[in-house]
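Have a look at the structure below, then the notes.
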Amino acid sequence: MDWTDLQIIVPTRCTDAAADIAQMASPGGIQIEDYSDMLEMVPEIAHIDLIDETLLAQSRESSIIHIYLPPEANPAETLDYLTGQLKASDIPHAVASSAVREEEWATAWKNYYHPTRIGRRLTVCPTWEDYTPDREELVIRLDPGMAFGTGTHHTTRLCCRILEDVVRPGDRVLDMGTGSGILSIAALMLGAQQAVGVDIDPVAVRTAGENAALNGYQEPVFTALAGDLVGDPALSQKVGNGYDVIAANIVADIIIALAPAFPQRLKKGGHVVASGVILPRKAEVLAALEKAGLAVLRVEEQEGWCAIDAQLPL
């Protein structure tokens with residue numbers, strides 16, 4: 001059955017007024033695309049390093065209000081009401097519409113996720129795919145609908161390439177900014193004995209635990225903890241030290257802030273795999289790691305991003 005997506009395009013200054021009008025025509029709610037203050041909000045919600053280029057390219061001058069109408073609704077009637085109210089309110093506008101099949105709406109995102117090789121041996125595969133791995137292949141089962149990172153981004157792939165080289169059987173791994181838990185799961189599949197994933201987002205921590213369990217890793221093999229390692233002494237003590245590998249796929253600013261604490265959490269000869277770094281910030285991150293007493297062994301680059309392998313000398 002086809003739903004209708006009615007789209008009202010208005011100047012951003014009129015978004016609130018237009019949304020009020022749209023809400024009256026859509027008892028099921030509306031969706032607003034408004035990117036006018038995205039860059040100003042970055043310090044509060046994310047880091048500019050991690051904003052997708054398609055979002056950065058969105059117009060800051062106009063917003064789009066989506067109204068989703070069920071099959072039994074009359075789109076022409078709704079559109080007539082909307083345009084009348086917008087004109088009466090002197091709101092400049094344009095309109096568009098498209099059909100959305102209900103069953104496609106619920107599952108269309110699955111068309112974009114298939115088994116993806118993210119290293120020489122590591123592959124990420126959604127649970128609905130019937131996939132037979134090669135003899136040496138390690139398959140991480142991960143559903144995009146559950147995940148904070150599915151392995152498709154360059155930063156994750158770069159991290160996994162390095163993890164394949166540095167993780168040894170029996171290692172203990174600390175995953176800072178664990179997100180979906182994908183790096184912890186990868187490390188465990190590569191032979192690590194234990195992984196601890198830490199994230200400031202409790203939802204990410206819950207998701208990481210679910211994803212790890214989906215791949216057969218539960219307490220005490222995988223532990224997910226929520227909190228700020230920099231600002232929470234109790235959490236810092238709980239996480240402890242003596243790790244063979246630290247994975248930090250976050251952003252440059254946080255890696256720089258965490259760098260002084262890396263050596264105390266590592267065993268001698270242990271590795272820090274730092275990623276999520278855009279190339280213009282590479283020199284700053286390298287300098288911070290070296291200042292902390294780590295020796296940079298390797299830098300992997302791809303499509304404007306880099307990952308760094310640094311080691312605590314023996």
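The way I read the labels, and the way they are meant: chains A, B, ... in the order of the structure tokens, residue 1 as the first residue of every chain, and ligand 1 as the first ligand shown, with later ones counted on from there.
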
Closest contacts (range 107-211 of chain A/range 252-269 of chain A, max 12 Å, only C-alpha atoms) as JSON lines:
{"residue": "A:Thr155", "atom": "CA", "partner": "A:Ala252", "partner_atom": "CA", "distance": 11.9}
{"residue": "A:Val166", "atom": "CA", "partner": "A:Gly269", "partner_atom": "CA", "distance": 10.6}
{"residue": "A:Val167", "atom": "CA", "partner": "A:Gly269", "partner_atom": "CA", "distance": 12.0}
{"residue": "A:Asp171", "atom": "CA", "partner": "A:Lys267", "partner_atom": "CA", "distance": 10.4}
{"residue": "A:Arg172", "atom": "CA", "partner": "A:Leu266", "partner_atom": "CA", "distance": 9.7}
{"residue": "A:Val173", "atom": "CA", "partner": "A:Leu266", "partner_atom": "CA", "distance": 9.5}
{"residue": "A:Leu174", "atom": "CA", "partner": "A:Arg265", "partner_atom": "CA", "distance": 8.9}
{"residue": "A:Asp175", "atom": "CA", "partner": "A:Arg265", "partner_atom": "CA", "distance": 11.8}
{"residue": "A:Met176", "atom": "CA", "partner": "A:Ile255", "partner_atom": "CA", "distance": 9.5}
{"residue": "A:Gly177", "atom": "CA", "partner": "A:Ile254", "partner_atom": "CA", "distance": 9.8}

Store the residues picked out above in a file with N, CA, C and O atoms, as a PDB file, in the first residue's frame.
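Contents of again-v1.pdb, freshly written:
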ATOM      1  N   THR A 155      37.142   5.079   8.863  1.00  0.00           N
ATOM      2  CA  THR A 155      37.856   5.045  10.139  1.00  0.00           C
ATOM      3  C   THR A 155      37.815   3.656  10.764  1.00  0.00           C
ATOM      4  O   THR A 155      38.795   3.189  11.344  1.00  0.00           O
ATOM      5  N   VAL A 166      48.057  -6.236  15.170  1.00  0.00           N
ATOM      6  CA  VAL A 166      48.605  -6.046  16.521  1.00  0.00           C
ATOM      7  C   VAL A 166      47.956  -6.918  17.590  1.00  0.00           C
ATOM      8  O   VAL A 166      48.575  -7.164  18.637  1.00  0.00           O
ATOM      9  N   VAL A 167      46.730  -7.388  17.367  1.00  0.00           N
ATOM     10  CA  VAL A 167      46.067  -8.209  18.385  1.00  0.00           C
ATOM     11  C   VAL A 167      46.670  -9.607  18.392  1.00  0.00           C
ATOM     12  O   VAL A 167      46.824 -10.245  17.344  1.00  0.00           O
ATOM     13  N   ASP A 171      45.245 -11.394  24.439  1.00  0.00           N
ATOM     14  CA  ASP A 171      45.328  -9.956  24.736  1.00  0.00           C
ATOM     15  C   ASP A 171      44.099  -9.453  25.480  1.00  0.00           C
ATOM     16  O   ASP A 171      42.987  -9.984  25.334  1.00  0.00           O
ATOM     17  N   ARG A 172      44.316  -8.387  26.245  1.00  0.00           N
ATOM     18  CA  ARG A 172      43.220  -7.606  26.838  1.00  0.00           C
ATOM     19  C   ARG A 172      43.125  -6.303  26.054  1.00  0.00           C
ATOM     20  O   ARG A 172      44.136  -5.631  25.818  1.00  0.00           O
ATOM     21  N   VAL A 173      41.908  -5.952  25.648  1.00  0.00           N
ATOM     22  CA  VAL A 173      41.700  -4.802  24.765  1.00  0.00           C
ATOM     23  C   VAL A 173      40.745  -3.815  25.416  1.00  0.00           C
ATOM     24  O   VAL A 173      39.692  -4.203  25.945  1.00  0.00           O
ATOM     25  N   LEU A 174      41.088  -2.538  25.366  1.00  0.00           N
ATOM     26  CA  LEU A 174      40.222  -1.452  25.827  1.00  0.00           C
ATOM     27  C   LEU A 174      39.743  -0.687  24.608  1.00  0.00           C
ATOM     28  O   LEU A 174      40.537  -0.181  23.821  1.00  0.00           O
ATOM     29  N   ASP A 175      38.434  -0.623  24.453  1.00  0.00           N
ATOM     30  CA  ASP A 175      37.805   0.025  23.296  1.00  0.00           C
ATOM     31  C   ASP A 175      37.166   1.327  23.769  1.00  0.00           C
ATOM     32  O   ASP A 175      36.074   1.332  24.338  1.00  0.00           O
ATOM     33  N   MET A 176      37.853   2.435  23.546  1.00  0.00           N
ATOM     34  CA  MET A 176      37.369   3.745  23.993  1.00  0.00           C
ATOM     35  C   MET A 176      36.447   4.348  22.934  1.00  0.00           C
ATOM     36  O   MET A 176      36.852   4.554  21.797  1.00  0.00           O
ATOM     37  N   GLY A 177      35.213   4.663  23.328  1.00  0.00           N
ATOM     38  CA  GLY A 177      34.228   5.126  22.356  1.00  0.00           C
ATOM     39  C   GLY A 177      33.710   3.951  21.567  1.00  0.00           C
ATOM     40  O   GLY A 177      33.696   3.949  20.345  1.00  0.00           O
TER      41      GLY A 177
END

DSSP-assigned alpha helix (DSSP H) members of range 71-314 of chain A, reported as a PyMOL selection string
chain A and resi 75-88+102-107+154-166+182-189+202-214+233-239+252-258+262-265+282-291

Quick one: everything within 9 Å of Val203 in chain A, counting only C-alpha atoms, minus sequence neighbours fewer than 4 positions away in the same chain. Send it as a PyMOL selection string.
chain A and resi 179+207-208+226

Excluding Glu219 in chain A and its own-chain neighbours fewer than 5 positions away, which residues fall within 10 Å of it when counting only C-alpha atoms? Please give them as a list in words.
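Close residues of Glu219 in chain A: Gln194, Ala195, Val196, Gly209, Ala212, Ala213 and Ala224 of chain A.
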
Selection: 10 Å around Asp90 in chain A, only C-alpha atoms, excl. self and same-chain fewer than 5 positions, as a short mmCIF file (atom, residue, chain, number, x, y, z; two decimals) with N, CA and C atoms, in the first residue's frame:
data_model
loop_
_atom_site.label_atom_id
_atom_site.label_comp_id
_atom_site.auth_asym_id
_atom_site.auth_seq_id
_atom_site.Cartn_x
_atom_site.Cartn_y
_atom_site.Cartn_z
N CYS A 14 10.75 30.73 8.58
CA CYS A 14 9.32 30.42 8.68
C CYS A 14 9.06 28.99 9.14
N GLY A 84 -3.46 26.81 1.32
CA GLY A 84 -4.34 27.90 1.73
C GLY A 84 -3.88 28.54 3.02
N GLN A 85 -3.52 27.72 4.01
CA GLN A 85 -3.07 28.23 5.30
C GLN A 85 -1.71 28.94 5.19
#

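Going from CA of Arg121 in chain A over to CA of Leu294 in chain A, you cover 27.5 Å.
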